[in-house]
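These notes are about the structure you will find just below.
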Amino acid sequence: MTKYLLVGYGSIGRRHMNNLLAHGERDIVVLRSNKSTLDTGALKDFPVETDLRAALAHKPDAAIIATPTSLHMDTAIPAAELGAHLLLEKPVSHSLDRTDDLARAAAESGSRIVTAYQFRWHPTLNALKEELDRGTIGRITSAHVEWGEFMPGWHPWEDYRNSYAALPELGGGVVLTLCHPFDYLRWLLGEVKSVYALTSRSGLGLEVEDTADALLNFQAGTQAHVHVDYLRREPRHRLEMVGSDGILTWDNATGALRIFRADTGTWQETMPPADFERNVMFMDEMAHFIQVVNNTAAPRCTYQDGIAALKICLAVLESGKTGKEIQLG
């Protein structure tokens with residue numbers, strides 16, 4: 001039986017725990033700081049440790065790193081050194097410090113790493129990628145992502161000002177917290193060449209940016225605009241791509257993928273399966289991680305993918321501070 005170590009029991013840690021159980025995995029050790037405000041009654045039947053050394057003494061085969069962003073490397077590196085395979089929450093870290101150490105530890109021990117960008121398991125976002133690969137709308141000239149959510153309403157059980165997403169020392173801020181578009185745009189459009197961005201603190205009284213607008217210049221010639229914010233009262237997360245032969249749009253709220261074909265002047269709509277809901281992505285991601293742990297699949301979203309997305313995020317933040325266009329290697 002595979003032994004899993006769950007590192008962190010905040011909202012995403014609890015979700016991963018429930019999904020592991022739903023997949024029939026019950027040999028689970030939990031490492032937590034006891035700082036979470038969540039009810040921990042569900043953990044009564046599982047070993048719970050508060051010390052990393054004690055947790056690793058259980059010799060886990062796999063570890064799920066679900067701590068605040070700035071703490072990821074503290075536990076990911078020692079777990080990888082022991083050869084544990086990792087599901088590493090996004091973004092992989094808040095800086096590039098020690099990220100090479102994790103890569104080196106994984107290479108030496110054989111640890112396989114999946115970066116937890118769950119939108120890569122969204123059914124209609126995958127259908128959109130298939131349309132791009134088929135060239136359905138021709139050459140992509142531009143893309144636009146808008147994602148806004150009212151962050152104080154995310155976790156009603158805690159003061160939003162004390163959450164990881166609000167604190168710079170924990171890797172908070174809207175760019176790192178809502179970093180999914182920087183991953184999926186690269187997945188869909190290829191490597192980013194340069195970034196120019198504006199960031200601001202617009203009204204929540206936080207020490208991190210709550211609004212950002214980034215212009216991404218892709219090596220293939222496409223340009224993309226990404227807007228993210230913590231302020232929008234009615235959540236919105238939408239993607240639009242304009243091509244030489246049509247338009248693709250995707251709406252996270254409904255899951256709808258719409259295709260406009262210039263040759264026919266008509267729209268075609270694809271919806272996700274009727275039973276699709278948000279946790280399906282996380283369930284499919286966990287199923288994939290279990291396959292990776294059992295060596296029946298290669299990581300679909302690799303650690304290198306996670307590092308590439310982090311570099312884009314850091315370029316956005318640097319450009320927002322300096323007012324300069326940032327070149328990526």
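Please note that chains go A, B, ... in the order of the structure tokens, that every chain numbers its residues from 1, and that ligands are numbered from 1 in the order shown.
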> Do you know which residues are at most 10 Å from Thr249 (chain A) counting only C-alpha atoms, after dropping those on the same chain fewer than 3 positions away, and could you put them as a list in words?
Replying inline: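 My list of contacting residues is Leu125, Leu128, Ala143, His144, Val145, Arg238, Leu239, Glu240, Met241, Val242, Ala256, Leu257, Arg258, Ile259, Phe260 and Glu269 of chain A.
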> Residues at most 7 Å from region 89-96 of chain A, counting only C-alpha atoms, excluding those fewer than 6 positions away in the same chain, as a list in words?
Replying inline: Ile65, Ala66, Thr69, Ser70, His72, Thr115, Ala116, Tyr117, Gly171, Leu176, Cys179, Gly306, Ile307 and Leu310 of chain A
> Which one of A:Val114, A:Ile28, A:Met286, A:Ile77 sits closest to Lys59 (chain A) if you count only C-alpha atoms?
Replying inline: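 Of all the options, A:Ile28 lies closest to Lys59 (chain A).
Closest to Pro272 (chain A) among A:Gly172, A:Val292, A:Thr322, A:Ala127 is A:Ala127, based on only C-alpha atoms.
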Output as JSON lines one row per residue of region 20-131 of chain A within 7 Å of region 2-14 of chain A: the closest atom pair and its distance in Å to one decimal place, counting only C-alpha atoms, sorted by chain and residue number ascending.
{"residue": "A:Asp27", "atom": "CA", "partner": "A:Lys3", "partner_atom": "CA", "distance": 5.0}
{"residue": "A:Ile28", "atom": "CA", "partner": "A:Tyr4", "partner_atom": "CA", "distance": 4.8}
{"residue": "A:Val29", "atom": "CA", "partner": "A:Leu5", "partner_atom": "CA", "distance": 4.8}
{"residue": "A:Val30", "atom": "CA", "partner": "A:Leu6", "partner_atom": "CA", "distance": 4.8}
{"residue": "A:Leu31", "atom": "CA", "partner": "A:Val7", "partner_atom": "CA", "distance": 4.8}
{"residue": "A:Arg32", "atom": "CA", "partner": "A:Gly8", "partner_atom": "CA", "distance": 4.9}
{"residue": "A:Ser36", "atom": "CA", "partner": "A:Gly10", "partner_atom": "CA", "distance": 5.7}
{"residue": "A:Leu38", "atom": "CA", "partner": "A:Gly10", "partner_atom": "CA", "distance": 6.8}
{"residue": "A:Pro60", "atom": "CA", "partner": "A:Lys3", "partner_atom": "CA", "distance": 4.9}
{"residue": "A:Asp61", "atom": "CA", "partner": "A:Lys3", "partner_atom": "CA", "distance": 5.3}
{"residue": "A:Ala62", "atom": "CA", "partner": "A:Tyr4", "partner_atom": "CA", "distance": 4.9}
{"residue": "A:Ala63", "atom": "CA", "partner": "A:Leu5", "partner_atom": "CA", "distance": 4.5}
{"residue": "A:Ile64", "atom": "CA", "partner": "A:Leu6", "partner_atom": "CA", "distance": 4.9}
{"residue": "A:Ile65", "atom": "CA", "partner": "A:Val7", "partner_atom": "CA", "distance": 5.1}
{"residue": "A:Ala66", "atom": "CA", "partner": "A:Gly8", "partner_atom": "CA", "distance": 5.0}
{"residue": "A:Thr67", "atom": "CA", "partner": "A:Gly8", "partner_atom": "CA", "distance": 4.7}
Just write the chosen residues, all heavy atoms, as a short mmCIF file (atom, residue, chain, number, x, y, z; two decimals), in the first residue's frame.
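Resulting contents of selection-v9.cif:
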data_model
loop_
_atom_site.label_atom_id
_atom_site.label_comp_id
_atom_site.auth_asym_id
_atom_site.auth_seq_id
_atom_site.Cartn_x
_atom_site.Cartn_y
_atom_site.Cartn_z
N ASP A 27 -3.74 5.18 3.67
CA ASP A 27 -2.49 5.19 4.42
C ASP A 27 -1.88 6.59 4.31
O ASP A 27 -1.03 6.87 3.46
CB ASP A 27 -1.54 4.13 3.86
CG ASP A 27 -0.36 3.86 4.79
OD1 ASP A 27 -0.26 4.54 5.83
OD2 ASP A 27 0.46 2.98 4.47
N ILE A 28 -2.38 7.49 5.16
CA ILE A 28 -2.07 8.91 5.05
C ILE A 28 -1.58 9.43 6.39
O ILE A 28 -2.20 9.21 7.43
CB ILE A 28 -3.31 9.72 4.62
CG1 ILE A 28 -3.90 9.17 3.31
CG2 ILE A 28 -2.97 11.20 4.47
CD1 ILE A 28 -5.27 9.73 2.96
N VAL A 29 -0.45 10.13 6.35
CA VAL A 29 0.08 10.85 7.50
C VAL A 29 -0.08 12.34 7.22
O VAL A 29 0.13 12.79 6.09
CB VAL A 29 1.57 10.52 7.73
CG1 VAL A 29 2.13 11.30 8.91
CG2 VAL A 29 1.76 9.03 7.91
N VAL A 30 -0.46 13.10 8.23
CA VAL A 30 -0.68 14.53 8.05
C VAL A 30 0.35 15.30 8.87
O VAL A 30 0.54 15.03 10.06
CB VAL A 30 -2.10 14.94 8.49
CG1 VAL A 30 -2.30 16.45 8.31
CG2 VAL A 30 -3.15 14.17 7.68
N LEU A 31 1.03 16.23 8.21
CA LEU A 31 1.94 17.17 8.88
C LEU A 31 1.28 18.53 8.85
O LEU A 31 0.99 19.06 7.78
CB LEU A 31 3.29 17.21 8.16
CG LEU A 31 4.28 18.28 8.63
CD1 LEU A 31 4.69 18.04 10.08
CD2 LEU A 31 5.52 18.31 7.73
N ARG A 32 1.04 19.08 10.03
CA ARG A 32 0.36 20.37 10.08
C ARG A 32 0.94 21.22 11.20
O ARG A 32 1.55 20.72 12.15
CB ARG A 32 -1.14 20.20 10.23
CG ARG A 32 -1.61 19.52 11.50
CD ARG A 32 -3.11 19.24 11.43
NE ARG A 32 -3.87 20.45 11.14
CZ ARG A 32 -4.44 21.21 12.08
NH1 ARG A 32 -4.36 20.88 13.35
NH2 ARG A 32 -5.10 22.29 11.74
N SER A 36 -4.17 26.29 11.26
CA SER A 36 -5.39 26.37 10.46
C SER A 36 -6.60 26.51 11.36
O SER A 36 -6.65 25.96 12.47
CB SER A 36 -5.53 25.11 9.60
OG SER A 36 -6.80 25.07 8.98
N LEU A 38 -9.55 25.48 10.36
CA LEU A 38 -10.51 24.47 9.94
C LEU A 38 -10.74 23.43 11.03
O LEU A 38 -9.85 23.14 11.83
CB LEU A 38 -9.99 23.76 8.68
CG LEU A 38 -9.92 24.57 7.39
CD1 LEU A 38 -9.26 23.73 6.30
CD2 LEU A 38 -11.29 25.02 6.95
N PRO A 60 7.20 8.15 3.83
CA PRO A 60 6.14 8.23 2.81
C PRO A 60 6.68 7.93 1.42
O PRO A 60 7.82 8.26 1.10
CB PRO A 60 5.67 9.68 2.92
CG PRO A 60 6.86 10.42 3.45
CD PRO A 60 7.54 9.46 4.40
N ASP A 61 5.84 7.31 0.61
CA ASP A 61 6.16 7.10 -0.80
C ASP A 61 5.87 8.34 -1.62
O ASP A 61 6.44 8.52 -2.70
CB ASP A 61 5.33 5.94 -1.35
CG ASP A 61 5.54 4.66 -0.58
OD1 ASP A 61 6.67 4.13 -0.63
OD2 ASP A 61 4.59 4.21 0.10
N ALA A 62 4.97 9.17 -1.13
CA ALA A 62 4.55 10.36 -1.86
C ALA A 62 4.16 11.44 -0.87
O ALA A 62 3.74 11.14 0.26
CB ALA A 62 3.37 10.04 -2.77
N ALA A 63 4.32 12.69 -1.27
CA ALA A 63 3.96 13.82 -0.41
C ALA A 63 3.18 14.85 -1.22
O ALA A 63 3.51 15.11 -2.38
CB ALA A 63 5.21 14.45 0.19
N ILE A 64 2.19 15.41 -0.59
CA ILE A 64 1.39 16.48 -1.18
C ILE A 64 1.73 17.75 -0.42
O ILE A 64 1.49 17.85 0.79
CB ILE A 64 -0.12 16.17 -1.08
CG1 ILE A 64 -0.44 14.88 -1.85
CG2 ILE A 64 -0.95 17.33 -1.60
CD1 ILE A 64 -1.81 14.34 -1.58
N ILE A 65 2.32 18.71 -1.12
CA ILE A 65 2.81 19.93 -0.49
C ILE A 65 1.73 21.01 -0.63
O ILE A 65 1.53 21.58 -1.70
CB ILE A 65 4.13 20.40 -1.11
CG1 ILE A 65 5.14 19.25 -1.18
CG2 ILE A 65 4.68 21.59 -0.34
CD1 ILE A 65 5.51 18.65 0.16
N ALA A 66 1.02 21.27 0.48
CA ALA A 66 -0.14 22.17 0.45
C ALA A 66 -0.04 23.25 1.51
O ALA A 66 -1.05 23.71 2.05
CB ALA A 66 -1.43 21.36 0.63
N THR A 67 1.18 23.66 1.82
CA THR A 67 1.42 24.75 2.76
C THR A 67 1.35 26.08 2.01
O THR A 67 1.29 26.11 0.78
CB THR A 67 2.80 24.60 3.38
OG1 THR A 67 3.77 24.49 2.33
CG2 THR A 67 2.88 23.39 4.28
#
> Rounded to one decimal in Å, what is the spacing between CA of Ile247 (chain A) and CA of Ile137 (chain A)?
Replying inline: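 A separation of 6.3 Å between them.
Counting from CA of Arg15 (chain A), the distance to CA of Gly148 (chain A) is 22.3 Å.
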>> Which residue is closest to Val174 (chain A)? Choose from A:Ala106, A:Met17, A:Cys313, A:Ala308 and count only C-alpha atoms.
In response: A:Cys313
>> Could you tell me how far CA of Leu71 (chain A) sits from CA of Glu207 (chain A), in Å to one decimal place?
In response: 18.5 Å
>> Residues of region 118-261 of chain A classed as alpha helix (DSSP H) by DSSP on the backbone are to be reported as a list in words.
In response: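 Selection result, alpha helix (DSSP H) within region 118-261 of chain A: Pro123, Thr124, Leu125, Asn126, Ala127, Leu128, Lys129, Glu130, Glu131, Leu132, Asp133, Arg134, Val174, Val175, Leu176, Thr177, His180, Pro181, Phe182, Asp183, Tyr184, Leu185, Arg186, Trp187, Leu188 and Leu189 of chain A.
Within region 104-210 of chain A, DSSP run on the backbone puts these residues in strand (DSSP E): A:Ile113, A:Val114, A:Thr115, A:Ala116, A:Ile140, A:Thr141, A:Ser142, A:Ala143, A:His144, A:Val145, A:Glu146, A:Trp147, A:Gly148, A:Val192, A:Lys193, A:Ser194, A:Val195, A:Tyr196, A:Ala197, A:Leu198, A:Thr199, A:Ser200.
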> What's the 6 Å shell around Glu191 (chain A), counting only C-alpha atoms, without same-chain residues fewer than 5 positions away, as a list in words?
Replying inline: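 My reading of the contact set: Arg186, Phe218 and Gln219 of chain A.
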Prev. selection, all heavy atoms, output as a CSV table (one decimal), in the first residue's frame:
chain,number,residue,atom,x,y,z
A,186,ARG,N,0.8,29.6,-21.3
A,186,ARG,CA,2.1,29.0,-21.8
A,186,ARG,C,1.8,27.6,-22.4
A,186,ARG,O,2.4,27.2,-23.4
A,186,ARG,CB,3.1,28.9,-20.7
A,186,ARG,CG,4.4,28.3,-21.1
A,186,ARG,CD,5.4,28.2,-19.9
A,186,ARG,NE,6.5,27.3,-20.2
A,186,ARG,CZ,6.5,26.0,-20.0
A,186,ARG,NH1,5.4,25.5,-19.3
A,186,ARG,NH2,7.5,25.3,-20.3
A,218,PHE,N,4.7,36.4,-26.7
A,218,PHE,CA,5.1,35.0,-26.9
A,218,PHE,C,6.1,34.8,-28.0
A,218,PHE,O,6.1,35.6,-29.0
A,218,PHE,CB,3.9,34.1,-27.1
A,218,PHE,CG,3.0,33.9,-25.9
A,218,PHE,CD1,2.1,34.9,-25.5
A,218,PHE,CD2,3.1,32.7,-25.2
A,218,PHE,CE1,1.3,34.7,-24.4
A,218,PHE,CE2,2.3,32.5,-24.1
A,218,PHE,CZ,1.4,33.5,-23.7
A,219,GLN,N,6.9,33.8,-27.9
A,219,GLN,CA,8.0,33.6,-28.9
A,219,GLN,C,7.3,33.4,-30.3
A,219,GLN,O,7.9,33.7,-31.3
A,219,GLN,CB,8.8,32.4,-28.5
A,219,GLN,CG,9.8,32.7,-27.4
A,219,GLN,CD,10.7,31.6,-27.0
A,219,GLN,OE1,10.7,30.5,-27.7
A,219,GLN,NE2,11.4,31.7,-25.9
>> Quick one: residues within 12 Å of Val192 (chain A), only C-alpha atoms, excluding same-chain residues fewer than 3 positions away - as a ChimeraX atom specification?
In response: /A:182-189,195-196,214-224,308-313,315-316,326-329
